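Shown next: work_17.cif, containing mmCIF, C-alpha atoms.
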data_start
loop_
_atom_site.label_atom_id
_atom_site.label_comp_id
_atom_site.auth_asym_id
_atom_site.auth_seq_id
_atom_site.Cartn_x
_atom_site.Cartn_y
_atom_site.Cartn_z
CA MET O 14 54.81 25.06 -32.74
CA LYS O 15 52.82 26.81 -35.51
CA GLN O 16 51.53 23.43 -36.66
CA PHE O 17 50.42 22.61 -33.11
CA PHE O 18 48.43 25.85 -32.78
CA LEU O 19 46.90 25.33 -36.23
CA LEU O 20 45.82 21.80 -35.33
CA THR O 21 44.39 22.99 -32.00
CA SER O 22 42.42 25.74 -33.73
CA LEU O 23 41.04 23.33 -36.31
CA LEU O 24 39.98 20.83 -33.66
CA SER O 25 38.25 23.55 -31.64
CA LEU O 26 36.41 24.79 -34.73
CA PHE O 27 35.35 21.24 -35.61
CA ALA O 28 34.08 20.62 -32.06
CA CYS O 29 32.05 23.84 -32.06
CA THR O 30 30.57 23.01 -35.47
CA GLN O 31 29.62 19.51 -34.34
CA GLN O 32 28.04 20.84 -31.15
CA ALA O 33 26.03 23.40 -33.10
CA ASP O 34 24.85 20.76 -35.56
CA THR O 35 23.82 18.42 -32.74
CA SER O 36 21.99 21.18 -30.87
CA ALA O 37 20.12 22.18 -34.00
CA LYS O 38 19.21 18.57 -34.72
CA ASN O 39 18.01 17.95 -31.17
CA ALA O 40 15.96 21.14 -31.18
CA THR O 41 14.32 20.13 -34.46
CA GLU O 42 13.52 16.67 -33.16
CA THR O 43 12.12 17.70 -29.78
CA ILE O 44 10.24 20.96 -30.36
CA GLY O 45 7.61 19.53 -32.73
CA PRO O 46 4.26 21.35 -32.93
CA ALA O 47 3.72 24.66 -31.15
CA ILE O 48 0.85 26.63 -29.62
CA GLU O 49 0.91 30.42 -29.97
CA VAL O 50 -0.37 32.28 -26.91
CA VAL O 51 -0.67 35.92 -25.94
CA ASP O 52 -0.21 37.42 -22.46
CA THR O 53 0.20 40.81 -20.79
CA ASP O 54 3.62 42.43 -21.17
CA PHE O 55 4.46 43.00 -17.48
CA SER O 56 2.97 42.66 -13.96
CA LYS O 57 0.40 45.41 -14.58
CA GLY O 58 0.70 45.44 -18.34
CA ARG O 59 -1.30 45.35 -21.53
CA LEU O 60 -2.22 42.33 -23.62
CA GLY O 61 0.10 41.77 -26.56
CA LEU O 62 3.14 39.66 -25.57
CA LYS O 63 3.19 36.50 -27.69
CA HIS O 64 4.94 33.19 -27.03
CA GLN O 65 5.33 29.88 -28.85
CA LEU O 66 4.80 26.99 -26.43
CA THR O 67 6.26 23.58 -27.30
CA LEU O 68 6.58 20.12 -25.83
CA GLU O 69 10.16 21.01 -25.01
CA ASP O 70 8.89 23.78 -22.71
CA LEU O 71 6.39 21.42 -21.10
CA GLU O 72 9.01 18.74 -20.52
CA LYS O 73 10.97 21.15 -18.31
CA PHE O 74 7.85 22.21 -16.43
CA HIS O 75 6.55 18.66 -15.94
CA GLY O 76 9.87 16.92 -15.32
CA HIS O 77 9.94 14.42 -18.19
CA LEU O 78 8.50 13.80 -21.65
CA CYS O 79 5.88 11.03 -21.76
CA ASP O 80 2.84 9.86 -23.67
CA GLY O 81 0.47 11.63 -21.27
CA LEU O 82 2.20 14.93 -21.89
CA VAL O 83 1.92 14.42 -25.65
CA VAL O 84 -1.76 13.45 -25.36
CA GLY O 85 -2.49 16.55 -23.30
CA PHE O 86 -0.51 18.89 -25.55
CA LEU O 87 -1.99 17.68 -28.84
CA GLY O 88 -5.47 17.48 -27.35
CA ILE O 89 -5.47 20.96 -25.84
CA ARG O 90 -4.01 22.29 -29.08
CA GLU O 91 -6.99 20.96 -31.03
CA GLY O 92 -9.47 22.36 -28.51
CA LEU O 93 -7.84 25.79 -28.46
CA LYS O 94 -7.82 25.97 -32.26
CA THR O 95 -11.61 25.65 -32.10
CA LEU O 96 -11.93 28.41 -29.51
CA TYR O 97 -9.34 30.72 -31.14
CA PRO O 98 -9.49 29.93 -34.88
CA ASP O 99 -8.14 33.31 -36.02
CA GLY O 100 -5.24 34.02 -33.75
CA PRO O 101 -3.18 33.28 -30.68
CA VAL O 102 -4.70 31.81 -27.53
CA ASP O 103 -5.49 34.56 -25.02
CA ARG O 104 -4.29 33.11 -21.71
CA THR O 105 -6.01 35.95 -19.83
CA ASN O 106 -9.35 34.84 -21.28
CA THR O 107 -9.19 31.05 -20.94
CA ARG O 108 -10.17 28.60 -18.23
CA ILE O 109 -9.99 24.81 -18.16
CA VAL O 110 -11.21 21.68 -16.38
CA SER O 111 -8.92 18.64 -16.42
CA LYS O 112 -8.94 15.06 -15.27
CA SER O 113 -6.46 14.41 -12.47
CA SER O 114 -3.59 12.85 -14.44
CA PRO O 115 -0.36 14.66 -13.47
CA CYS O 116 0.51 14.94 -17.16
CA LEU O 117 -2.86 16.33 -18.24
CA THR O 118 -3.08 18.82 -15.38
CA ASP O 119 0.43 20.16 -15.99
CA VAL O 120 -0.39 20.69 -19.67
CA ALA O 121 -3.68 22.34 -18.73
CA VAL O 122 -2.26 24.96 -16.38
CA TYR O 123 0.89 25.64 -18.40
CA VAL O 124 -0.75 26.10 -21.78
CA SER O 125 -4.04 27.73 -20.79
CA GLY O 126 -2.64 29.88 -17.98
CA GLY O 127 -5.46 28.63 -15.76
CA ARG O 128 -4.93 28.60 -11.99
CA TYR O 129 -7.23 27.38 -9.23
CA GLN O 130 -6.74 30.46 -7.06
CA PHE O 131 -8.03 32.68 -9.87
CA ASN O 132 -11.03 30.45 -10.67
CA THR O 133 -9.66 29.48 -14.09
CA PHE O 134 -8.69 25.86 -13.41
CA TYR O 135 -10.02 22.88 -11.50
CA VAL O 136 -9.79 19.10 -11.58
CA ASP O 137 -12.77 16.79 -12.06
CA ASN O 138 -12.54 13.06 -12.68
CA GLU O 139 -16.28 12.94 -13.31
CA LEU O 140 -15.88 14.42 -16.78
CA GLN O 141 -17.89 12.24 -19.15
CA GLY O 142 -16.09 11.09 -22.30
CA ALA O 143 -13.44 13.84 -22.19
CA PHE O 144 -10.18 14.68 -20.45
CA TYR O 145 -10.45 18.47 -20.88
CA ILE O 146 -13.19 21.06 -21.00
CA ILE O 147 -11.86 24.43 -22.15
CA GLN O 148 -13.84 27.67 -22.09
CA ARG O 149 -13.42 31.22 -23.29
CA LYS O 150 -14.45 33.67 -20.59
CA ASP O 151 -15.51 36.47 -22.95
CA ASN O 152 -18.15 34.61 -24.95
CA GLY O 153 -18.67 31.49 -22.80
CA LYS O 154 -17.93 29.11 -25.66
CA ALA O 155 -16.74 25.76 -24.30
CA VAL O 156 -15.39 22.58 -25.88
CA ALA O 157 -14.71 19.07 -24.62
CA VAL O 158 -11.56 17.28 -25.80
CA SER O 159 -11.45 13.48 -25.91
CA MET O 160 -9.25 10.77 -27.39
CA ASN O 161 -10.85 8.56 -29.99
CA LYS O 162 -11.50 4.93 -29.13
CA GLY O 163 -8.82 2.47 -30.22
CA VAL O 164 -6.08 5.09 -30.51
CA LYS O 165 -4.26 4.17 -27.31
CA PRO O 166 -2.92 0.60 -27.04
CA SER O 167 -4.80 -1.24 -24.28
CA GLN O 168 -1.56 -2.79 -23.01
CA ILE O 169 -0.40 0.64 -21.79
CA ASP O 170 -3.42 1.02 -19.50
CA GLU O 171 -3.15 -2.59 -18.32
CA LEU O 172 0.52 -2.28 -17.36
CA GLY O 173 -0.03 1.23 -16.05
CA ALA O 174 -2.72 0.03 -13.64
CA LYS O 175 -0.31 -2.58 -12.27
CA ALA O 176 2.45 0.03 -11.95
CA ILE O 177 0.17 2.26 -9.88
CA LYS O 178 -0.35 -0.65 -7.49
CA GLY O 179 3.40 -1.26 -7.34
CA GLU O 180 3.00 -4.66 -9.00
CA LEU O 181 5.35 -4.17 -11.97
CA PRO O 182 8.91 -5.49 -11.59
CA PRO O 183 11.74 -3.31 -12.96
CA CYS O 184 11.98 -4.98 -16.36
CA GLN O 185 8.26 -4.59 -17.00
CA LEU O 186 8.49 -0.92 -15.99
CA ASP O 187 11.06 -0.53 -18.77
CA GLU O 188 8.70 -2.33 -21.15
CA LEU O 189 5.90 0.08 -20.21
CA LYS O 190 8.18 3.04 -20.85
CA GLU O 191 9.01 1.73 -24.33
CA LEU O 192 5.33 1.22 -25.13
CA GLU O 193 4.49 4.75 -23.99
CA ASN O 194 7.38 6.25 -25.99
CA ALA O 195 6.25 4.41 -29.14
CA PHE O 196 2.69 5.61 -28.61
CA ALA O 197 3.83 9.20 -28.10
CA GLN O 198 5.87 9.07 -31.29
CA LYS O 199 2.90 7.65 -33.19
CA LEU O 200 0.72 10.54 -32.01
CA LEU O 201 3.32 13.11 -33.06
CA ASN O 202 3.66 11.52 -36.49
CA SER O 203 -0.06 11.32 -37.24
CA ASN O 204 -2.91 13.73 -37.91
CA PRO O 205 -4.34 14.84 -34.53
CA LYS O 206 -7.83 14.94 -36.04
CA ASP O 207 -7.59 11.16 -36.40
CA ASN O 208 -6.79 10.81 -32.71
CA PHE O 209 -8.86 13.47 -30.92
CA THR O 210 -12.43 14.76 -31.03
CA VAL O 211 -13.40 18.31 -30.06
CA LYS O 212 -17.06 18.79 -29.20
CA THR O 213 -18.81 22.10 -28.53
CA LEU O 214 -20.69 22.26 -25.21
CA PRO O 215 -23.38 24.97 -25.51
CA GLU O 216 -24.86 24.24 -22.05
CA PHE O 217 -21.60 23.99 -20.09
CA GLU O 218 -21.60 25.60 -16.63
CA TRP O 219 -18.40 26.42 -14.77
CA LYS O 220 -18.66 24.70 -11.36
CA PRO O 221 -15.28 24.54 -9.58
CA VAL O 222 -14.53 21.47 -7.49
CA LEU O 223 -12.23 21.77 -4.47
CA LYS O 224 -10.27 18.53 -4.03
CA ASN O 225 -6.57 18.09 -3.26
CA ASP O 226 -6.02 14.39 -2.59
CA PHE O 227 -5.65 13.03 -6.11
CA LEU O 228 -2.94 10.39 -6.56
CA LYS O 229 0.22 11.63 -8.33
CA THR O 230 0.92 8.47 -10.30
CA ASP O 231 4.17 9.48 -11.98
CA VAL O 232 6.23 9.32 -8.76
CA LEU O 233 4.94 6.07 -7.25
CA ASN O 234 7.81 3.96 -8.61
CA LYS O 235 10.61 6.46 -8.15
CA ASP O 236 12.58 4.14 -5.84
CA LYS O 237 12.10 0.98 -7.91
CA GLY O 238 15.34 -0.84 -8.78
CA LYS O 239 16.71 -1.12 -12.31
CA CYS O 240 16.12 -4.02 -14.67
CA GLU O 241 18.95 -6.56 -14.28
#

Please, can you express the file's structure as structure tokens?
Amino acid sequence: MKQFFLLTSLLSLFACTQQADTSAKNATETIGPAIEVVDTDFSKGRLGLKHQLTLEDLEKFHGHLCDGLVVGFLGIREGLKTLYPDGPVDRTNTRIVSKSSPCLTDVAVYVSGGRYQFNTFYVDNELQGAFYIIQRKDNGKAVAVSMNKGVKPSQIDELGAKAIKGELPPCQLDELKELENAFAQKLLNSNPKDNFTVKTLPEFEWKPVLKNDFLKTDVLNKDKGKCE
């Protein structure tokens, strides 16, 4: 009987150790880069509460991890470093314009704290050569964030356009997912300055656009069958 209890205890300890090791490994692999932000400390509070935002946080907010989420996160991170070079990003002092991609817009509102109802976020597909424009409210400094030409494989956009039209069969949807995952991993493993350009916009004017009929492309194939 003593041997049985000893064996049970050892197995339980081993299982806990393995679970802890796996959790630590997964956390290390998924968290990746972070963006430090500062907010108020309660509903009517003072500025000073800091957070570290990661892709892991965004995955839960957005619903899945994808190349668009990685593009948005790394791009906004570069833009915000230009606007806040000496410290955390003040989410009470930041507003943003985004293209309508569901991935890009979710990154924009989550990281910047911008919201349409407070005049700190809007969507505009007419942005020229950029997917974000980010602005500090206190000094008016604004930057445009764009992806450099040739960084994104053209096959992703080609297959993605077909998927939006519902023209991709299940096996090609899986192929598109693999291509996007490989691209996302490449971005995470490379220098963001090689992939993104941040340009200062001294003449930028904040002109909110009211539009609520953009196509949410990441749910169009939700009922598609599996690859056989």

Taking the file as I've supplied it (selection: the PyMOL selection byres ((chain O and resi 160) around 6)), which residues are included? Please answer as a list in words.
Ser159, Asn161, Asn208 and Phe209 of chain O

Residue IDs satisfying the PyMOL selection byres ((chain O and resi 136-144) around 9), as a ChimeraX atom specification
/O:85,88,109-113,117-118,129,134-135,145-146,157-160,210,221-225

Next, dump the selected residues to file, keeping only C-alpha atoms, as a PDB file, keeping the file's coordinate frame.
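Output contents, as saved in again19.pdb:
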ATOM      1  CA  GLY O  85      -2.490  16.550 -23.300  1.00  0.00           C
ATOM      2  CA  GLY O  88      -5.470  17.480 -27.350  1.00  0.00           C
ATOM      3  CA  ILE O 109      -9.990  24.810 -18.160  1.00  0.00           C
ATOM      4  CA  VAL O 110     -11.210  21.680 -16.380  1.00  0.00           C
ATOM      5  CA  SER O 111      -8.920  18.640 -16.420  1.00  0.00           C
ATOM      6  CA  LYS O 112      -8.940  15.060 -15.270  1.00  0.00           C
ATOM      7  CA  SER O 113      -6.460  14.410 -12.470  1.00  0.00           C
ATOM      8  CA  LEU O 117      -2.860  16.330 -18.240  1.00  0.00           C
ATOM      9  CA  THR O 118      -3.080  18.820 -15.380  1.00  0.00           C
ATOM     10  CA  TYR O 129      -7.230  27.380  -9.230  1.00  0.00           C
ATOM     11  CA  PHE O 134      -8.690  25.860 -13.410  1.00  0.00           C
ATOM     12  CA  TYR O 135     -10.020  22.880 -11.500  1.00  0.00           C
ATOM     13  CA  TYR O 145     -10.450  18.470 -20.880  1.00  0.00           C
ATOM     14  CA  ILE O 146     -13.190  21.060 -21.000  1.00  0.00           C
ATOM     15  CA  ALA O 157     -14.710  19.070 -24.620  1.00  0.00           C
ATOM     16  CA  VAL O 158     -11.560  17.280 -25.800  1.00  0.00           C
ATOM     17  CA  SER O 159     -11.450  13.480 -25.910  1.00  0.00           C
ATOM     18  CA  MET O 160      -9.250  10.770 -27.390  1.00  0.00           C
ATOM     19  CA  THR O 210     -12.430  14.760 -31.030  1.00  0.00           C
ATOM     20  CA  PRO O 221     -15.280  24.540  -9.580  1.00  0.00           C
ATOM     21  CA  VAL O 222     -14.530  21.470  -7.490  1.00  0.00           C
ATOM     22  CA  LEU O 223     -12.230  21.770  -4.470  1.00  0.00           C
ATOM     23  CA  LYS O 224     -10.270  18.530  -4.030  1.00  0.00           C
ATOM     24  CA  ASN O 225      -6.570  18.090  -3.260  1.00  0.00           C
TER      25      ASN O 225
END

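Counting all atoms listed in the file and comparing O:Lys150, O:His64, O:His77, O:Arg104, the residue that lies closest to Val232 in chain O is O:His77.
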
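Taken over the whole file, the PyMOL selection byres ((chain O and resi 71) around 10) covers exactly Leu66, Thr67, Leu68, Glu69, Asp70, Glu72, Lys73, Phe74, His75, Gly76, His77, Leu78, Leu82, Val83, Phe86, Cys116, Asp119, Val120, Tyr123 and Val124 of chain O.
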
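If only C-alpha atoms are the atoms counted, then among O:Leu93, O:Leu62, O:Cys240, O:Cys79 the closest residue to Lys154 in chain O is O:Leu93.
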
Between CA of Pro166 in chain O and CA of Ile89 in chain O, what is the distance, to one decimal in Å?
20.6 Å

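For the pair CA of Cys184 in chain O and CA of Leu172 in chain O, the interatomic distance is 11.8 Å.
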
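As for CA of Lys206 in chain O and CA of Lys162 in chain O, they are spaced 12.7 Å apart.
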
Skip Lys190 in chain O itself and residues of its chain fewer than 5 positions away, then list as an mmCIF file with C-alpha atoms, in the frame of the given file all residues within 12 Å of it, counting only C-alpha atoms.
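selection-v1.cif written:
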data_model
loop_
_atom_site.group_PDB
_atom_site.id
_atom_site.type_symbol
_atom_site.label_atom_id
_atom_site.label_comp_id
_atom_site.auth_asym_id
_atom_site.auth_seq_id
_atom_site.Cartn_x
_atom_site.Cartn_y
_atom_site.Cartn_z
ATOM 1 C CA HIS O 77 9.940 14.420 -18.190
ATOM 2 C CA LEU O 78 8.500 13.800 -21.650
ATOM 3 C CA CYS O 79 5.880 11.030 -21.760
ATOM 4 C CA ASP O 80 2.840 9.860 -23.670
ATOM 5 C CA GLY O 81 0.470 11.630 -21.270
ATOM 6 C CA GLN O 168 -1.560 -2.790 -23.010
ATOM 7 C CA ILE O 169 -0.400 0.640 -21.790
ATOM 8 C CA ASP O 170 -3.420 1.020 -19.500
ATOM 9 C CA LEU O 172 0.520 -2.280 -17.360
ATOM 10 C CA GLY O 173 -0.030 1.230 -16.050
ATOM 11 C CA ALA O 176 2.450 0.030 -11.950
ATOM 12 C CA LEU O 181 5.350 -4.170 -11.970
ATOM 13 C CA PRO O 183 11.740 -3.310 -12.960
ATOM 14 C CA CYS O 184 11.980 -4.980 -16.360
ATOM 15 C CA GLN O 185 8.260 -4.590 -17.000
ATOM 16 C CA ALA O 195 6.250 4.410 -29.140
ATOM 17 C CA PHE O 196 2.690 5.610 -28.610
ATOM 18 C CA ALA O 197 3.830 9.200 -28.100
ATOM 19 C CA ASP O 231 4.170 9.480 -11.980
#

Which residues are close to range 99-103 of chain O, i.e. within 6 Å by only C-alpha atoms, leaving aside same-chain residues fewer than 2 positions away? Reply as a PyMOL selection string.
chain O and resi 49-51+97+105-106
